[in-house]
Amino acid sequence: MIDFTEEQIQRYSRHILLQDVGVEGQEKIMNARVLVVGAGGLGAPVSLYLAAAGIGTIGIVDADVVDLSNLQRQVIHFTKDVGVPKVKSAEEKIKAINPDVQVDTSRFVECARYHQGIRLRGGWYRQLPREVSHQ
């Protein structure tokens, strides 16, 4: 059982008030680990919402850097982030929205060019089928 701080009770009060979530559900959310593949058009808002909800650990995999053309749709990145690796830019915004969330970008070992396979240390692993190709 997690001992919620006063700040966490206030932050997650809307979840805690929900009959289908409550304290037990919020505890499960805070113990959850999610891997987001890509910090772009879909991964950017998903990462922010996961952080706001209080997901305990968010892993992010993206081998790209922020480009000026990304900013009109990738809401986690700002003008000052142009040229910065997307995982670092995303980590900064996630920690700003919820400092309790652990962001894991360090476990990135290999990301095949078209996301045909991803291997991560420490329990994160996903291998896509061979027939999947993003060319």
# chains A, B, ... in the order shown; residues from 1 in each chain; ligands from 1
call {"tool": "residues_around", "arguments": {"residues": "Ile55 of chain A", "least_positions_apart": "4", "cutoff": "9 Å", "atoms": "only C-alpha atoms", "output": "ChimeraX atom specification"}}
result
/A:26,28-34,50-51,100-102
call {"tool": "select_by_dssp", "arguments": {"residues": "segment 11-127 of chain A", "states": "alpha helix (DSSP H)", "output": "PyMOL selection string"}}
result
chain A and resi 11+13-17+22-31+43-53+86-97
call {"tool": "residues_around", "arguments": {"residues": "segment 68-83 of chain A", "least_positions_apart": "6", "cutoff": "7 Å", "atoms": "only C-alpha atoms", "output": "JSON, numbers by chain"}}
result
{"A": [40, 41, 44, 45, 89, 90, 93]}
call {"tool": "atom_distance", "arguments": {"atom1": "atom CA of Gly59 of chain A", "atom2": "atom CA of Glu6 of chain A"}}
result
26.6 Å
call {"tool": "atom_distance", "arguments": {"atom1": "atom CA of Lys88 of chain A", "atom2": "atom CA of Ala53 of chain A"}}
result
20.3 Å
call {"tool": "select_by_dssp", "arguments": {"residues": "segment 58-111 of chain A", "states": "strand (DSSP E or B)", "output": "number ranges by chain"}}
result
A: 58-61, 65, 85, 102-104, 108-111
call {"tool": "closest_residue", "arguments": {"among": "A:Asp62, A:Asp3, A:Asp67, A:Asp104", "to": "Val23 of chain A", "atoms": "only C-alpha atoms"}}
result
A:Asp3
call {"tool": "atom_distance", "arguments": {"atom1": "atom CA of Asn98 of chain A", "atom2": "atom CA of Leu48 of chain A"}}
result
9.1 Å
call {"tool": "closest_residue", "arguments": {"among": "A:Val46, A:Ile60, A:Ala52, A:Val65", "to": "Lys95 of chain A", "atoms": "only C-alpha atoms"}}
result
A:Ala52
call {"tool": "closest_residue", "arguments": {"among": "A:Gly38, A:Val84, A:Gly54, A:Ser47", "to": "Ser13 of chain A", "atoms": "only C-alpha atoms"}}
result
A:Gly54
call {"tool": "closest_residue", "arguments": {"among": "A:Tyr49, A:Leu17, A:Phe4, A:Ile9", "to": "Ile97 of chain A", "atoms": "only C-alpha atoms"}}
result
A:Tyr49
call {"tool": "closest_residue", "arguments": {"among": "A:Leu42, A:Thr57, A:Val37, A:Glu27", "to": "Val87 of chain A", "atoms": "only C-alpha atoms"}}
result
A:Val37
call {"tool": "decode", "arguments": {"residues": "segment 47-62 of chain A", "atoms": "all heavy atoms", "output": "PDB file, in the first residue's frame"}}
result
ATOM      1  N   SER A  47       2.264  10.465 -23.911  1.00  0.00           N
ATOM      2  CA  SER A  47       3.217  10.574 -22.800  1.00  0.00           C
ATOM      3  C   SER A  47       2.768  11.613 -21.782  1.00  0.00           C
ATOM      4  O   SER A  47       2.879  11.387 -20.567  1.00  0.00           O
ATOM      5  CB  SER A  47       4.609  10.938 -23.334  1.00  0.00           C
ATOM      6  OG  SER A  47       5.098   9.916 -24.169  1.00  0.00           O
ATOM      7  N   LEU A  48       2.266  12.741 -22.261  1.00  0.00           N
ATOM      8  CA  LEU A  48       1.795  13.782 -21.346  1.00  0.00           C
ATOM      9  C   LEU A  48       0.592  13.311 -20.534  1.00  0.00           C
ATOM     10  O   LEU A  48       0.518  13.536 -19.324  1.00  0.00           O
ATOM     11  CB  LEU A  48       1.441  15.050 -22.121  1.00  0.00           C
ATOM     12  CG  LEU A  48       2.619  15.815 -22.716  1.00  0.00           C
ATOM     13  CD1 LEU A  48       2.122  16.943 -23.606  1.00  0.00           C
ATOM     14  CD2 LEU A  48       3.526  16.359 -21.628  1.00  0.00           C
ATOM     15  N   TYR A  49      -0.352  12.642 -21.179  1.00  0.00           N
ATOM     16  CA  TYR A  49      -1.535  12.151 -20.464  1.00  0.00           C
ATOM     17  C   TYR A  49      -1.177  11.053 -19.473  1.00  0.00           C
ATOM     18  O   TYR A  49      -1.732  11.002 -18.377  1.00  0.00           O
ATOM     19  CB  TYR A  49      -2.607  11.663 -21.444  1.00  0.00           C
ATOM     20  CG  TYR A  49      -3.416  12.789 -22.046  1.00  0.00           C
ATOM     21  CD1 TYR A  49      -3.365  13.062 -23.404  1.00  0.00           C
ATOM     22  CD2 TYR A  49      -4.230  13.582 -21.239  1.00  0.00           C
ATOM     23  CE1 TYR A  49      -4.105  14.101 -23.951  1.00  0.00           C
ATOM     24  CE2 TYR A  49      -4.979  14.627 -21.776  1.00  0.00           C
ATOM     25  CZ  TYR A  49      -4.913  14.875 -23.133  1.00  0.00           C
ATOM     26  OH  TYR A  49      -5.646  15.897 -23.662  1.00  0.00           O
ATOM     27  N   LEU A  50      -0.264  10.173 -19.856  1.00  0.00           N
ATOM     28  CA  LEU A  50       0.174   9.124 -18.922  1.00  0.00           C
ATOM     29  C   LEU A  50       0.835   9.750 -17.689  1.00  0.00           C
ATOM     30  O   LEU A  50       0.596   9.319 -16.561  1.00  0.00           O
ATOM     31  CB  LEU A  50       1.141   8.163 -19.613  1.00  0.00           C
ATOM     32  CG  LEU A  50       0.542   7.248 -20.681  1.00  0.00           C
ATOM     33  CD1 LEU A  50       1.657   6.537 -21.446  1.00  0.00           C
ATOM     34  CD2 LEU A  50      -0.436   6.263 -20.074  1.00  0.00           C
ATOM     35  N   ALA A  51       1.674  10.759 -17.920  1.00  0.00           N
ATOM     36  CA  ALA A  51       2.343  11.436 -16.807  1.00  0.00           C
ATOM     37  C   ALA A  51       1.329  12.141 -15.905  1.00  0.00           C
ATOM     38  O   ALA A  51       1.413  12.048 -14.682  1.00  0.00           O
ATOM     39  CB  ALA A  51       3.368  12.432 -17.335  1.00  0.00           C
ATOM     40  N   ALA A  52       0.383  12.820 -16.515  1.00  0.00           N
ATOM     41  CA  ALA A  52      -0.631  13.530 -15.730  1.00  0.00           C
ATOM     42  C   ALA A  52      -1.461  12.559 -14.894  1.00  0.00           C
ATOM     43  O   ALA A  52      -1.838  12.862 -13.763  1.00  0.00           O
ATOM     44  CB  ALA A  52      -1.540  14.343 -16.654  1.00  0.00           C
ATOM     45  N   ALA A  53      -1.722  11.364 -15.438  1.00  0.00           N
ATOM     46  CA  ALA A  53      -2.497  10.354 -14.705  1.00  0.00           C
ATOM     47  C   ALA A  53      -1.704   9.739 -13.568  1.00  0.00           C
ATOM     48  O   ALA A  53      -2.284   9.160 -12.654  1.00  0.00           O
ATOM     49  CB  ALA A  53      -2.953   9.257 -15.661  1.00  0.00           C
ATOM     50  N   GLY A  54      -0.372   9.855 -13.623  1.00  0.00           N
ATOM     51  CA  GLY A  54       0.456   9.340 -12.536  1.00  0.00           C
ATOM     52  C   GLY A  54       1.056   7.977 -12.783  1.00  0.00           C
ATOM     53  O   GLY A  54       1.444   7.302 -11.826  1.00  0.00           O
ATOM     54  N   ILE A  55       1.146   7.552 -14.048  1.00  0.00           N
ATOM     55  CA  ILE A  55       1.810   6.276 -14.348  1.00  0.00           C
ATOM     56  C   ILE A  55       3.185   6.310 -13.688  1.00  0.00           C
ATOM     57  O   ILE A  55       3.922   7.290 -13.805  1.00  0.00           O
ATOM     58  CB  ILE A  55       1.948   6.073 -15.877  1.00  0.00           C
ATOM     59  CG1 ILE A  55       0.587   5.878 -16.521  1.00  0.00           C
ATOM     60  CG2 ILE A  55       2.888   4.920 -16.199  1.00  0.00           C
ATOM     61  CD1 ILE A  55      -0.119   4.588 -16.173  1.00  0.00           C
ATOM     62  N   GLY A  56       3.551   5.242 -12.995  1.00  0.00           N
ATOM     63  CA  GLY A  56       4.788   5.224 -12.211  1.00  0.00           C
ATOM     64  C   GLY A  56       6.058   5.375 -13.022  1.00  0.00           C
ATOM     65  O   GLY A  56       6.939   6.154 -12.680  1.00  0.00           O
ATOM     66  N   THR A  57       6.175   4.608 -14.111  1.00  0.00           N
ATOM     67  CA  THR A  57       7.370   4.664 -14.949  1.00  0.00           C
ATOM     68  C   THR A  57       6.954   4.703 -16.410  1.00  0.00           C
ATOM     69  O   THR A  57       6.164   3.863 -16.854  1.00  0.00           O
ATOM     70  CB  THR A  57       8.276   3.436 -14.724  1.00  0.00           C
ATOM     71  OG1 THR A  57       8.637   3.381 -13.345  1.00  0.00           O
ATOM     72  CG2 THR A  57       9.541   3.518 -15.563  1.00  0.00           C
ATOM     73  N   ILE A  58       7.492   5.678 -17.125  1.00  0.00           N
ATOM     74  CA  ILE A  58       7.254   5.779 -18.567  1.00  0.00           C
ATOM     75  C   ILE A  58       8.591   5.611 -19.267  1.00  0.00           C
ATOM     76  O   ILE A  58       9.515   6.394 -19.043  1.00  0.00           O
ATOM     77  CB  ILE A  58       6.621   7.135 -18.946  1.00  0.00           C
ATOM     78  CG1 ILE A  58       5.294   7.332 -18.209  1.00  0.00           C
ATOM     79  CG2 ILE A  58       6.442   7.232 -20.464  1.00  0.00           C
ATOM     80  CD1 ILE A  58       4.680   8.712 -18.390  1.00  0.00           C
ATOM     81  N   GLY A  59       8.705   4.577 -20.082  1.00  0.00           N
ATOM     82  CA  GLY A  59       9.871   4.394 -20.927  1.00  0.00           C
ATOM     83  C   GLY A  59       9.574   4.990 -22.288  1.00  0.00           C
ATOM     84  O   GLY A  59       8.460   4.857 -22.802  1.00  0.00           O
ATOM     85  N   ILE A  60      10.543   5.674 -22.880  1.00  0.00           N
ATOM     86  CA  ILE A  60      10.347   6.296 -24.188  1.00  0.00           C
ATOM     87  C   ILE A  60      11.480   5.877 -25.114  1.00  0.00           C
ATOM     88  O   ILE A  60      12.653   5.975 -24.750  1.00  0.00           O
ATOM     89  CB  ILE A  60      10.332   7.837 -24.097  1.00  0.00           C
ATOM     90  CG1 ILE A  60       9.294   8.309 -23.091  1.00  0.00           C
ATOM     91  CG2 ILE A  60      10.070   8.461 -25.463  1.00  0.00           C
ATOM     92  CD1 ILE A  60       9.351   9.778 -22.803  1.00  0.00           C
ATOM     93  N   VAL A  61      11.110   5.414 -26.300  1.00  0.00           N
ATOM     94  CA  VAL A  61      12.084   5.038 -27.316  1.00  0.00           C
ATOM     95  C   VAL A  61      11.844   5.887 -28.544  1.00  0.00           C
ATOM     96  O   VAL A  61      10.740   5.893 -29.091  1.00  0.00           O
ATOM     97  CB  VAL A  61      11.951   3.548 -27.699  1.00  0.00           C
ATOM     98  CG1 VAL A  61      12.898   3.209 -28.833  1.00  0.00           C
ATOM     99  CG2 VAL A  61      12.215   2.662 -26.498  1.00  0.00           C
ATOM    100  N   ASP A  62      12.838   6.635 -28.964  1.00  0.00           N
ATOM    101  CA  ASP A  62      12.796   7.386 -30.213  1.00  0.00           C
ATOM    102  C   ASP A  62      14.217   7.791 -30.540  1.00  0.00           C
ATOM    103  O   ASP A  62      14.900   8.383 -29.713  1.00  0.00           O
ATOM    104  CB  ASP A  62      11.900   8.623 -30.080  1.00  0.00           C
ATOM    105  CG  ASP A  62      11.511   9.208 -31.435  1.00  0.00           C
ATOM    106  OD1 ASP A  62      12.420   9.393 -32.282  1.00  0.00           O
ATOM    107  OD2 ASP A  62      10.321   9.485 -31.637  1.00  0.00           O
TER     108      ASP A  62
END
